[in-house]
>>> print(open('target-v5.cif').read())   # mmCIF, C-alpha atoms and all ligand atoms
data_input
loop_
_atom_site.label_atom_id
_atom_site.label_comp_id
_atom_site.auth_asym_id
_atom_site.auth_seq_id
_atom_site.Cartn_x
_atom_site.Cartn_y
_atom_site.Cartn_z
CA MET A 1 -55.17 -51.79 -4.31
CA THR A 2 -56.37 -50.47 -0.99
CA ILE A 3 -59.14 -52.61 0.32
CA PRO A 4 -62.01 -50.56 1.68
CA ALA A 5 -63.15 -51.25 5.23
CA ILE A 6 -65.99 -53.73 4.93
CA LYS A 7 -69.18 -52.39 6.40
CA MET A 8 -71.73 -55.11 6.93
CA PRO A 9 -75.41 -54.15 7.13
CA ALA A 10 -76.64 -54.03 10.73
CA HIS A 11 -78.85 -57.12 10.32
CA VAL A 12 -75.95 -59.19 8.98
CA ALA A 13 -73.67 -58.09 11.80
CA MET A 14 -76.46 -58.96 14.24
CA ILE A 15 -76.97 -62.48 12.85
CA ILE A 16 -73.22 -63.14 12.97
CA ASN A 17 -73.08 -61.75 16.51
CA ILE A 18 -75.89 -63.97 17.75
CA LEU A 19 -74.25 -67.07 16.23
CA GLU A 20 -70.83 -66.17 17.68
CA SER A 21 -72.13 -65.41 21.15
CA ASN A 22 -73.71 -68.87 21.14
CA GLY A 23 -70.35 -70.49 20.50
CA TYR A 24 -70.47 -70.90 16.73
CA GLU A 25 -68.36 -69.39 13.97
CA ALA A 26 -70.11 -67.19 11.41
CA PHE A 27 -68.97 -65.14 8.41
CA ALA A 28 -70.34 -63.19 5.49
CA VAL A 29 -69.24 -65.17 2.45
CA GLY A 30 -69.06 -65.29 -1.34
CA GLY A 31 -70.37 -62.59 -3.65
CA CYS A 32 -70.96 -60.00 -0.92
CA VAL A 33 -67.35 -60.15 0.28
CA ARG A 34 -66.09 -59.96 -3.30
CA ASP A 35 -68.31 -56.96 -4.06
CA ALA A 36 -67.43 -55.16 -0.81
CA ILE A 37 -63.70 -55.57 -1.49
CA MET A 38 -64.23 -54.22 -5.01
CA GLY A 39 -66.14 -51.22 -3.68
CA ARG A 40 -69.37 -52.42 -5.29
CA THR A 41 -72.62 -52.56 -3.35
CA PRO A 42 -73.51 -56.21 -2.64
CA HIS A 43 -77.13 -56.97 -3.54
CA ASP A 44 -77.43 -59.64 -0.88
CA TRP A 45 -75.33 -60.90 2.03
CA ASP A 46 -74.97 -64.64 2.54
CA ILE A 47 -73.74 -66.05 5.82
CA THR A 48 -71.80 -69.25 6.42
CA THR A 49 -71.60 -70.79 9.88
CA SER A 50 -70.40 -73.78 11.86
CA ALA A 51 -73.88 -74.04 13.41
CA LYS A 52 -75.99 -76.92 12.06
CA PRO A 53 -79.41 -76.12 10.54
CA GLU A 54 -81.34 -77.09 13.68
CA GLU A 55 -78.96 -75.00 15.77
CA ILE A 56 -79.48 -71.99 13.50
CA LYS A 57 -83.25 -72.41 13.76
CA ALA A 58 -83.11 -72.54 17.54
CA LEU A 59 -81.50 -69.08 17.71
CA PHE A 60 -83.91 -67.05 15.56
CA HIS A 61 -87.65 -66.43 15.84
CA ARG A 62 -88.53 -66.55 12.19
CA THR A 63 -86.76 -68.93 9.81
CA ILE A 64 -87.59 -70.68 6.56
CA ASP A 65 -86.22 -74.11 5.59
CA THR A 66 -84.98 -72.90 2.21
CA GLY A 67 -82.63 -75.79 1.50
CA ILE A 68 -82.33 -77.52 4.81
CA LYS A 69 -80.84 -80.72 3.31
CA HIS A 70 -77.94 -78.68 1.95
CA GLY A 71 -77.73 -76.68 5.16
CA THR A 72 -79.47 -73.47 4.08
CA ILE A 73 -81.89 -71.69 6.41
CA THR A 74 -83.34 -68.27 5.64
CA VAL A 75 -83.37 -66.07 8.73
CA MET A 76 -86.03 -63.37 8.59
CA ILE A 77 -85.24 -60.03 10.21
CA SER A 78 -87.83 -57.23 9.92
CA GLY A 79 -89.27 -58.84 6.80
CA VAL A 80 -85.90 -59.28 5.06
CA GLY A 81 -84.48 -62.75 4.49
CA TYR A 82 -80.80 -63.69 4.96
CA GLU A 83 -79.47 -67.05 3.82
CA VAL A 84 -77.48 -68.76 6.54
CA THR A 85 -75.75 -71.96 5.44
CA THR A 86 -73.86 -74.51 7.49
CA TYR A 87 -70.19 -75.02 6.54
CA ARG A 88 -70.28 -77.94 4.20
CA ILE A 89 -68.19 -80.29 2.12
CA ASP A 90 -69.64 -81.41 -1.18
CA GLY A 91 -69.39 -85.16 -1.71
CA GLU A 92 -68.52 -86.80 -5.00
CA TYR A 93 -70.13 -85.46 -8.17
CA THR A 94 -71.13 -88.18 -10.61
CA ASP A 95 -73.66 -86.32 -12.73
CA GLY A 96 -71.68 -83.17 -13.59
CA ARG A 97 -74.31 -81.07 -11.84
CA HIS A 98 -74.59 -81.68 -8.11
CA PRO A 99 -72.83 -83.57 -5.36
CA ASN A 100 -74.20 -87.00 -4.45
CA GLU A 101 -74.34 -85.88 -0.85
CA VAL A 102 -73.16 -83.01 1.34
CA THR A 103 -71.62 -83.31 4.76
CA PHE A 104 -71.43 -80.59 7.37
CA THR A 105 -68.08 -79.55 8.82
CA ASN A 106 -66.66 -77.26 11.51
CA ASN A 107 -63.92 -75.99 9.24
CA LEU A 108 -64.45 -72.76 7.32
CA ILE A 109 -61.63 -73.50 4.87
CA GLU A 110 -63.33 -76.77 3.87
CA ASP A 111 -66.44 -74.74 3.03
CA LEU A 112 -64.48 -72.18 1.01
CA LYS A 113 -62.79 -75.00 -0.92
CA ARG A 114 -66.03 -76.16 -2.53
CA ARG A 115 -66.72 -72.75 -4.08
CA ASP A 116 -66.21 -71.97 -7.75
CA PHE A 117 -63.77 -69.07 -8.10
CA THR A 118 -61.13 -67.56 -5.85
CA ILE A 119 -62.92 -64.20 -5.89
CA ASN A 120 -66.06 -65.96 -4.60
CA ALA A 121 -64.26 -67.99 -1.95
CA MET A 122 -63.58 -65.34 0.68
CA ALA A 123 -65.26 -64.87 4.05
CA TYR A 124 -65.42 -61.90 6.38
CA ASN A 125 -66.44 -60.96 9.87
CA ASP A 126 -65.47 -58.03 12.06
CA ARG A 127 -63.49 -60.18 14.46
CA ALA A 128 -61.33 -62.17 11.97
CA GLY A 129 -61.31 -59.74 9.05
CA ILE A 130 -61.05 -61.17 5.53
CA VAL A 131 -60.34 -64.89 5.25
CA ASP A 132 -58.68 -65.36 1.88
CA ALA A 133 -57.29 -68.90 1.68
CA PHE A 134 -57.20 -69.07 -2.13
CA ASP A 135 -55.77 -65.67 -3.07
CA GLY A 136 -59.02 -64.06 -4.09
CA ILE A 137 -57.73 -60.57 -3.28
CA ALA A 138 -54.78 -61.03 -5.65
CA ASP A 139 -57.17 -62.17 -8.37
CA ILE A 140 -59.39 -59.14 -7.78
CA GLU A 141 -56.30 -56.96 -8.12
CA ASN A 142 -55.33 -58.70 -11.36
CA LYS A 143 -58.96 -58.71 -12.53
CA THR A 144 -58.89 -62.47 -12.99
CA ILE A 145 -61.47 -65.24 -12.78
CA ARG A 146 -59.66 -68.35 -11.54
CA CYS A 147 -61.08 -71.59 -10.19
CA VAL A 148 -60.45 -72.58 -6.61
CA ARG A 149 -57.71 -75.26 -6.74
CA VAL A 150 -57.72 -77.48 -9.89
CA ALA A 151 -59.93 -75.96 -12.60
CA THR A 152 -60.67 -79.21 -14.47
CA GLU A 153 -61.98 -80.71 -11.22
CA ARG A 154 -64.25 -77.73 -10.54
CA PHE A 155 -65.80 -77.86 -14.01
CA ALA A 156 -66.08 -81.65 -14.00
CA GLU A 157 -68.05 -81.37 -10.74
CA ASP A 158 -70.45 -78.74 -12.06
CA ALA A 159 -70.35 -77.55 -15.66
CA LEU A 160 -72.59 -74.59 -14.89
CA ARG A 161 -69.42 -73.03 -13.49
CA ILE A 162 -68.23 -72.66 -17.10
CA LEU A 163 -71.03 -70.21 -17.78
CA ARG A 164 -70.57 -68.57 -14.38
CA ALA A 165 -66.96 -67.87 -15.37
CA LEU A 166 -68.12 -66.15 -18.56
CA ARG A 167 -70.85 -64.29 -16.69
CA PHE A 168 -68.54 -62.94 -13.96
CA SER A 169 -66.03 -61.99 -16.62
CA ALA A 170 -68.74 -59.85 -18.26
CA GLN A 171 -70.20 -58.41 -15.04
CA LEU A 172 -66.85 -57.51 -13.49
CA ASP A 173 -64.84 -56.92 -16.67
CA PHE A 174 -62.30 -59.57 -15.62
CA SER A 175 -60.32 -61.94 -17.79
CA ILE A 176 -60.23 -65.68 -17.25
CA SER A 177 -56.94 -67.24 -16.13
CA GLU A 178 -55.16 -69.54 -18.53
CA ASP A 179 -55.67 -72.78 -16.60
CA THR A 180 -59.33 -71.95 -16.15
CA CYS A 181 -59.66 -71.25 -19.92
CA GLU A 182 -58.02 -74.56 -20.80
CA ALA A 183 -60.33 -76.40 -18.41
CA ILE A 184 -63.37 -74.70 -19.95
CA LYS A 185 -62.34 -75.87 -23.40
CA SER A 186 -61.66 -79.42 -22.32
CA LEU A 187 -64.91 -79.82 -20.36
CA ALA A 188 -67.25 -77.87 -22.66
CA ALA A 189 -69.26 -80.96 -23.60
CA ASN A 190 -70.40 -81.30 -19.96
CA LEU A 191 -72.63 -78.28 -20.57
CA LYS A 192 -75.04 -80.78 -22.10
CA LEU A 193 -75.73 -82.03 -18.57
CA ILE A 194 -76.90 -78.64 -17.32
CA SER A 195 -80.56 -77.66 -17.36
CA LYS A 196 -81.55 -75.04 -19.90
CA GLU A 197 -83.13 -72.92 -17.17
CA ARG A 198 -79.81 -72.55 -15.35
CA ILE A 199 -78.01 -71.88 -18.64
CA GLN A 200 -80.55 -69.23 -19.50
CA THR A 201 -80.09 -67.46 -16.15
CA GLU A 202 -76.31 -67.20 -16.53
CA LEU A 203 -76.49 -66.09 -20.17
CA ASP A 204 -79.05 -63.45 -19.26
CA LYS A 205 -76.75 -61.99 -16.61
CA LEU A 206 -73.90 -61.98 -19.13
CA ILE A 207 -75.89 -60.39 -21.94
CA THR A 208 -77.46 -57.66 -19.79
CA SER A 209 -74.12 -56.71 -18.20
CA ASN A 210 -71.91 -53.76 -19.17
CA ASN A 211 -69.69 -56.06 -21.20
CA PRO A 212 -72.05 -58.05 -23.43
CA ASP A 213 -69.13 -58.58 -25.84
CA ARG A 214 -68.03 -61.47 -23.58
CA ILE A 215 -70.77 -63.52 -25.28
CA GLY A 216 -68.04 -63.95 -27.91
CA LEU A 217 -66.27 -66.33 -25.50
CA ILE A 218 -68.92 -68.88 -26.45
CA ALA A 219 -67.47 -68.99 -29.95
CA LYS A 220 -63.89 -68.69 -28.72
CA TYR A 221 -64.25 -71.76 -26.51
CA ASN A 222 -66.55 -73.64 -28.92
CA LEU A 223 -69.44 -73.85 -26.47
CA GLY A 224 -72.19 -72.92 -28.96
CA SER A 225 -73.38 -76.39 -29.92
CA PHE A 226 -73.68 -77.45 -26.26
CA ILE A 227 -75.78 -74.41 -25.40
CA PHE A 228 -77.77 -73.53 -28.50
CA GLU A 229 -77.86 -77.02 -30.07
CA ASP A 230 -79.44 -76.56 -33.51
CA ALA A 231 -79.39 -72.74 -33.66
CA SER A 232 -77.47 -72.48 -36.90
CA SER A 233 -76.08 -68.96 -36.50
CA LEU A 234 -74.73 -69.53 -32.98
CA THR A 235 -73.09 -72.92 -33.22
CA LYS A 236 -70.44 -72.46 -35.88
CA ASP A 237 -68.33 -69.44 -36.77
CA SER A 238 -67.26 -66.58 -34.56
CA ASP A 239 -68.09 -64.16 -37.36
CA THR A 240 -71.78 -64.15 -36.39
CA PHE A 241 -70.85 -63.36 -32.79
CA THR A 242 -68.69 -60.46 -33.96
CA LYS A 243 -71.69 -59.02 -35.81
CA ILE A 244 -74.05 -59.62 -32.90
CA ILE A 245 -71.64 -57.95 -30.48
CA SER A 246 -71.42 -54.84 -32.63
CA VAL A 247 -75.22 -54.57 -32.38
CA MET A 248 -75.32 -55.34 -28.64
CA ASN A 249 -72.74 -52.66 -27.90
CA LEU A 250 -75.16 -50.11 -29.36
CA LEU A 251 -78.14 -51.29 -27.32
CA PRO A 252 -79.13 -50.36 -23.76
CA ALA A 253 -78.79 -53.22 -21.24
CA ASP A 254 -82.38 -54.34 -21.81
CA HIS A 255 -83.23 -58.03 -21.58
CA TYR A 256 -85.54 -58.08 -24.63
CA LEU A 257 -83.31 -55.97 -26.88
CA ARG A 258 -80.11 -57.85 -26.04
CA TRP A 259 -81.72 -61.28 -26.54
CA SER A 260 -83.19 -60.10 -29.83
CA ALA A 261 -79.70 -59.05 -30.89
CA LEU A 262 -78.41 -62.53 -30.09
CA MET A 263 -81.20 -63.98 -32.25
CA LEU A 264 -80.63 -61.50 -35.10
CA PHE A 265 -79.32 -64.04 -37.61
CA GLU A 266 -81.61 -66.91 -36.60
CA ASN A 267 -84.38 -68.06 -38.96
CA ASP A 268 -86.60 -69.20 -36.10
CA PRO A 269 -85.69 -67.27 -32.95
CA GLY A 270 -88.82 -68.50 -31.17
CA HIS A 271 -87.63 -72.09 -31.52
CA VAL A 272 -84.18 -71.33 -30.13
CA LEU A 273 -85.58 -69.36 -27.19
CA LYS A 274 -88.17 -72.04 -26.45
CA LYS A 275 -85.40 -74.64 -26.23
CA LEU A 276 -83.69 -72.38 -23.68
CA LYS A 277 -86.98 -72.52 -21.71
CA PHE A 278 -87.71 -68.83 -22.04
CA ASP A 279 -90.95 -67.24 -20.88
CA ASN A 280 -93.61 -66.46 -23.49
CA LYS A 281 -93.04 -62.70 -23.32
CA THR A 282 -89.37 -62.99 -24.29
CA ILE A 283 -90.19 -65.43 -27.08
CA ASP A 284 -93.00 -63.21 -28.35
CA ILE A 285 -91.12 -59.91 -28.30
CA SER A 286 -87.91 -61.30 -29.80
CA SER A 287 -89.75 -63.19 -32.56
CA ARG A 288 -91.75 -60.12 -33.51
CA LEU A 289 -88.69 -57.85 -33.43
CA ILE A 290 -86.68 -60.13 -35.71
CA LYS A 291 -89.60 -60.41 -38.15
CA ALA A 292 -90.15 -56.66 -38.09
CA ILE A 293 -86.48 -55.95 -38.76
CA ASN A 294 -86.67 -58.07 -41.92
CA PHE A 295 -89.96 -56.54 -43.08
CA PRO A 296 -89.74 -54.09 -46.03
CA ILE A 297 -89.72 -50.59 -44.59
CA PRO A 298 -93.06 -48.86 -45.33
CA ASN A 299 -92.91 -45.71 -47.43
CA SER A 300 -96.38 -44.39 -46.65
CA LYS A 301 -98.46 -43.86 -43.56
CA THR A 302 -101.05 -46.31 -44.88
CA LYS A 303 -98.46 -49.06 -45.18
CA LEU A 304 -97.05 -48.12 -41.80
CA ARG A 305 -100.48 -48.34 -40.13
CA HIS A 306 -100.83 -51.85 -41.56
CA MET A 307 -97.36 -52.72 -40.29
CA ILE A 308 -98.19 -51.43 -36.80
CA VAL A 309 -101.29 -53.63 -36.71
CA LYS A 310 -99.32 -56.62 -38.02
CA PHE A 311 -96.50 -56.41 -35.45
CA GLY A 312 -98.22 -54.69 -32.52
CA LYS A 313 -98.06 -51.07 -31.38
CA ASP A 314 -96.26 -52.05 -28.14
CA LEU A 315 -93.28 -53.13 -30.24
CA PHE A 316 -93.11 -49.73 -31.93
CA ASP A 317 -93.49 -47.83 -28.67
CA SER A 318 -90.89 -49.73 -26.68
CA TYR A 319 -88.35 -51.59 -28.80
CA LEU A 320 -88.47 -51.32 -32.56
CA PHE A 321 -86.80 -47.97 -33.20
CA THR A 322 -84.00 -48.55 -30.70
CA PHE A 323 -83.40 -51.94 -32.28
CA ILE A 324 -83.50 -50.70 -35.88
CA ASP A 325 -81.08 -47.88 -35.02
CA ALA A 326 -78.57 -50.29 -33.48
CA VAL A 327 -78.83 -52.84 -36.29
CA SER A 328 -78.57 -50.06 -38.85
CA HIS A 329 -75.58 -48.32 -37.21
CA ALA A 330 -73.84 -51.67 -37.02
CA GLY A 331 -74.46 -52.05 -40.75
CA PHE A 332 -76.83 -55.03 -40.78
CA TYR A 333 -80.19 -53.44 -41.48
CA THR A 334 -81.18 -54.40 -45.01
CA ALA A 335 -84.86 -53.43 -45.13
CA GLY A 336 -84.28 -49.69 -45.65
CA THR A 337 -81.78 -46.84 -45.79
CA ALA A 338 -80.89 -44.42 -42.98
CA ALA A 339 -83.08 -41.77 -44.62
CA GLU A 340 -85.98 -44.23 -44.77
CA ILE A 341 -85.58 -44.94 -41.06
CA VAL A 342 -85.79 -41.22 -40.29
CA HIS A 343 -88.89 -41.00 -42.45
CA LEU A 344 -90.38 -44.02 -40.70
CA LYS A 345 -90.00 -42.37 -37.30
CA SER A 346 -91.60 -39.10 -38.40
CA MET A 347 -94.51 -40.97 -39.99
CA TYR A 348 -94.95 -42.95 -36.77
CA ASP A 349 -94.98 -39.77 -34.66
CA GLU A 350 -97.62 -38.26 -36.96
CA ILE A 351 -99.80 -41.36 -36.75
CA VAL A 352 -99.60 -41.37 -32.96
CA SER A 353 -100.23 -37.64 -32.51
CA ALA A 354 -103.15 -37.72 -34.96
CA GLY A 355 -104.65 -40.54 -32.86
CA ASP A 356 -105.25 -42.70 -35.94
CA CYS A 357 -107.36 -45.76 -35.27
CA LEU A 358 -105.03 -48.78 -35.00
CA SER A 359 -107.30 -51.45 -33.60
CA VAL A 360 -110.77 -52.81 -34.21
CA LYS A 361 -111.86 -51.73 -30.76
CA ASP A 362 -110.93 -48.11 -31.53
CA MET A 363 -113.23 -47.96 -34.57
CA ALA A 364 -116.09 -45.45 -34.49
CA ILE A 365 -118.54 -48.29 -35.05
CA THR A 366 -118.52 -51.63 -33.25
CA GLY A 367 -120.01 -55.03 -33.98
CA LYS A 368 -122.63 -54.31 -31.33
CA ASP A 369 -123.57 -51.05 -33.09
CA LEU A 370 -123.93 -52.92 -36.38
CA ILE A 371 -126.20 -55.53 -34.76
CA SER A 372 -128.43 -52.82 -33.35
CA GLU A 373 -128.50 -51.33 -36.87
CA GLY A 374 -130.04 -54.63 -38.02
CA PHE A 375 -126.98 -56.64 -39.09
CA GLU A 376 -127.05 -60.40 -38.38
CA PRO A 377 -124.38 -61.64 -35.95
CA GLY A 378 -122.08 -64.25 -37.53
CA LYS A 379 -119.40 -64.83 -40.11
CA THR A 380 -120.50 -62.11 -42.53
CA LEU A 381 -120.50 -59.53 -39.75
CA GLY A 382 -116.89 -60.50 -39.01
CA GLU A 383 -116.03 -59.97 -42.66
CA ILE A 384 -117.72 -56.59 -42.63
CA ILE A 385 -115.79 -55.46 -39.55
CA ASN A 386 -112.49 -56.51 -41.12
CA TYR A 387 -113.43 -54.68 -44.31
CA LEU A 388 -114.25 -51.50 -42.34
CA PHE A 389 -111.02 -51.78 -40.36
CA ASP A 390 -109.04 -52.00 -43.60
CA LEU A 391 -110.82 -48.91 -44.90
CA VAL A 392 -109.95 -47.00 -41.73
CA LEU A 393 -106.32 -48.11 -41.83
CA ASN A 394 -106.09 -46.91 -45.43
CA ASP A 395 -107.87 -43.62 -44.69
CA PRO A 396 -108.31 -42.64 -41.01
CA SER A 397 -110.74 -39.85 -41.97
CA LEU A 398 -113.33 -42.58 -42.67
CA ASN A 399 -113.43 -43.47 -38.97
CA ASP A 400 -116.84 -41.94 -38.41
CA TYR A 401 -120.05 -43.72 -37.35
CA GLU A 402 -122.30 -42.70 -40.24
CA THR A 403 -119.60 -43.11 -42.88
CA LEU A 404 -118.73 -46.63 -41.73
CA LEU A 405 -122.41 -47.56 -41.42
CA THR A 406 -122.90 -46.57 -45.07
CA PHE A 407 -119.91 -48.67 -46.14
CA ALA A 408 -121.24 -51.60 -44.12
CA LYS A 409 -124.67 -51.39 -45.75
CA ASN A 410 -123.12 -51.18 -49.23
CA TYR A 411 -120.93 -54.22 -48.46
CA ARG A 412 -123.98 -56.24 -47.39
CA ASN A 413 -125.96 -55.36 -50.55
P1 LIG B 1 -74.21 -62.55 -7.53
O1 LIG B 1 -73.65 -61.22 -7.22
O2 LIG B 1 -74.61 -62.71 -8.94
O3 LIG B 1 -75.27 -63.02 -6.57
P2 LIG B 1 -72.62 -64.49 -6.19
O4 LIG B 1 -71.13 -64.72 -6.21
O5 LIG B 1 -73.23 -64.07 -4.91
O6 LIG B 1 -72.95 -63.51 -7.36
P3 LIG B 1 -74.44 -66.69 -6.11
O7 LIG B 1 -74.93 -67.53 -7.24
O8 LIG B 1 -75.39 -65.82 -5.36
O9 LIG B 1 -73.24 -65.84 -6.71
O10 LIG B 1 -73.71 -67.70 -5.13
C1 LIG B 1 -73.19 -67.31 -3.86
C2 LIG B 1 -71.86 -68.00 -3.63
O11 LIG B 1 -72.03 -69.42 -3.63
C3 LIG B 1 -70.81 -67.73 -4.69
O12 LIG B 1 -70.10 -66.54 -4.45
C4 LIG B 1 -69.95 -68.97 -4.59
O13 LIG B 1 -69.06 -68.88 -3.49
C5 LIG B 1 -70.95 -70.05 -4.28
N1 LIG B 1 -71.49 -70.71 -5.50
C6 LIG B 1 -72.63 -70.41 -6.15
N2 LIG B 1 -72.84 -71.23 -7.19
C7 LIG B 1 -71.79 -72.08 -7.20
C8 LIG B 1 -71.43 -73.18 -8.02
N3 LIG B 1 -72.18 -73.55 -9.05
N4 LIG B 1 -70.29 -73.83 -7.72
C9 LIG B 1 -69.52 -73.48 -6.66
N5 LIG B 1 -69.81 -72.45 -5.86
C10 LIG B 1 -70.93 -71.76 -6.11
MG MG B 2 -75.37 -63.82 -4.56
#
>>> encode(input="target-v5.cif", output="structure tokens", more="lines below")
Ligand code: ATP
Ligand code: MG
Amino acid sequence: MTIPAIKMPAHVAMIINILESNGYEAFAVGGCVRDAIMGRTPHDWDITTSAKPEEIKALFHRTIDTGIKHGTITVMISGVGYEVTTYRIDGEYTDGRHPNEVTFTNNLIEDLKRRDFTINAMAYNDRAGIVDAFDGIADIENKTIRCVRVATERFAEDALRILRALRFSAQLDFSISEDTCEAIKSLAANLKLISKERIQTELDKLITSNNPDRIGLIAKYNLGSFIFEDASSLTKDSDTFTKIISVMNLLPADHYLRWSALMLFENDPGHVLKKLKFDNKTIDISSRLIKAINFPIPNSKTKLRHMIVKFGKDLFDSYLFTFIDAVSHAGFYTAGTAAEIVHLKSMYDEIVSAGDCLSVKDMAITGKDLISEGFEPGKTLGEIINYLFDLVLNDPSLNDYETLLTFAKNYRN
């Protein structure tokens, strides 16, 4: 592999320059060096330096104390923030999540040692070139995720690294080295110590990558019960993962669609997603999609209009058809045949282009209108509106002020 010349953004080169000309060491480090070597565009550039936090702050006009205890200062240049972190050694880990304390050091190699994988443990600056003390370049060439030094120690320190290994494997299309695999298996139970929020973030990066099939590693390494706890479809056999992967491979890399695919065989996807501390929008969309996919496919526009109201038009516009197509092509759609899906789409297009009324607020008569026509506000009025809405869903041609007023009067009498 020929390694491309690393071209640091001007601001990064400037920060490194300022630190060096004040007598400190400074390097770009971690993901940005990995990505630059691989010819990918780094999305952010982190800097590691021998300067202590207060020394960093003294050299730049605008800084933010992002994680000053752990040595991280954000340096602001023209409105863009760059994380500059003091070389550090992580102390002992007793909780399987974070070091008890960190100490600062003057030695770059000590800082690289604490990092998770060899491909993430390289540093670069224009003066020294690439510093690769743990054979990260060789692992990039072999497309391998390998822990820095002893894998069992790295995962015992911080079990999140297990999911980071899976995530990088999916994002970069790398395999995981044998010793690292063995360590993952032996320390899987430590995943119980990791917060669901951090688990969710790593899984999301994995699932929305170009290789979502790597989610199958969860079954291969028996991690399911430590991540999904009581989610019955995701904690036992690898067969479910095989099915889910065949659906995911047919879906675009969309957060909502890919998570819905993972929840495809769950009875209560909302419960599983809530336990993973998901936001309400993800829980709502995935729950509705899974329900809709199990709903009998409507064979008339009337039934379809009712279904749209039941599940929400947004679902139909943005997700449902893509999802049904994928589930159906993978062979797991049981609510209708391929011909019925085609029919469903054409009925939907007709409903949308005809502008059929699909919500109470789009009716030709409103509650306010009815009150000014002499109807009493209250429970009965609510019943009348629901009755009129049903009529309009069954026959959109009834959505006319006078017609609905007549129906309302008849209902009252
Ligand atoms: P991405 O491209 O997703 O940002 P990244 O490699 O930059 O990937 P970050 O989470 O941004 O990952 O972390 C930056 C660097 O910090 C990593 O490259 C790695 O060297 C180190 N690092 C991050 N998290 C851990 C961890 N849990 N254990 C050890 N080192 C870590
Ligand atoms: Mg990063």
>>> closest_atom_pairs(input="target-v5.cif", of="segment 206-267 of chain A", to="segment 308-318 of chain A", cutoff="12 Å", atoms="all atoms listed in the file", output="JSON lines")
{"residue": "A:Asp254", "atom": "CA", "partner": "A:Ser318", "partner_atom": "CA", "distance": 10.8}
{"residue": "A:Tyr256", "atom": "CA", "partner": "A:Ser318", "partner_atom": "CA", "distance": 10.1}
{"residue": "A:Leu257", "atom": "CA", "partner": "A:Ser318", "partner_atom": "CA", "distance": 9.8}
>>> residues_near_point(input="target-v5.cif", point="(-77.0, -77.8, 15.2)", cutoff="12 Å", atoms="only C-alpha atoms", output="ChimeraX atom specification")
/A:19,22-24,49-59,68,71,73,85-87,104-106
>>> axis_aligned_box(input="target-v5.cif", around="segment 181-193 of chain A", padding_each_side="5 Å", output="JSON")
{"center_x": -66.9, "center_y": -76.6, "center_z": -21.0, "size_x": 27.7, "size_y": 20.8, "size_z": 15.2}
>>> closest_residue(input="target-v5.cif", among="A:Val80, A:Leu370, A:Met307, A:Val392", to="Arg412 of chain A", atoms="only C-alpha atoms")
A:Leu370
>>> closest_residue(input="target-v5.cif", among="A:Asp400, A:Asp213, A:Asp325, A:Asp204", to="Ser246 of chain A", atoms="only C-alpha atoms")
A:Asp213
>>> closest_residue(input="target-v5.cif", among="A:Ile184, A:Ile194, A:Ala28, A:Ala156", to="ligand MG 2 (chain B)", atoms="only C-alpha atoms and all ligand atoms")
A:Ala28
>>> residues_near_point(input="target-v5.cif", point="(-116.1, -53.9, -43.9)", cutoff="10 Å", atoms="only C-alpha atoms", output="ChimeraX atom specification")
/A:380-392,404-405,407-412
>>> residues_around(input="target-v5.cif", residues="Ile245 of chain A", least_positions_apart="3", cutoff="10 Å", atoms="all atoms listed in the file", output="count of residues only")
19
>>> atom_distance(input="target-v5.cif", atom1="atom CA of Arg288 of chain A", atom2="atom CA of Lys345 of chain A")
18.2 Å
>>> atom_distance(input="target-v5.cif", atom1="atom CA of Asn100 of chain A", atom2="atom CA of Gln200 of chain A")
24.1 Å
>>> atom_distance(input="target-v5.cif", atom1="atom CA of Ala189 of chain A", atom2="atom CA of Lys220 of chain A")
14.3 Å
>>> residues_around(input="target-v5.cif", residues="Glu229 of chain A", least_positions_apart="3", cutoff="10 Å", atoms="all atoms listed in the file", output="number ranges by chain")
A: 192, 223-226, 232, 234-235, 272, 275-276
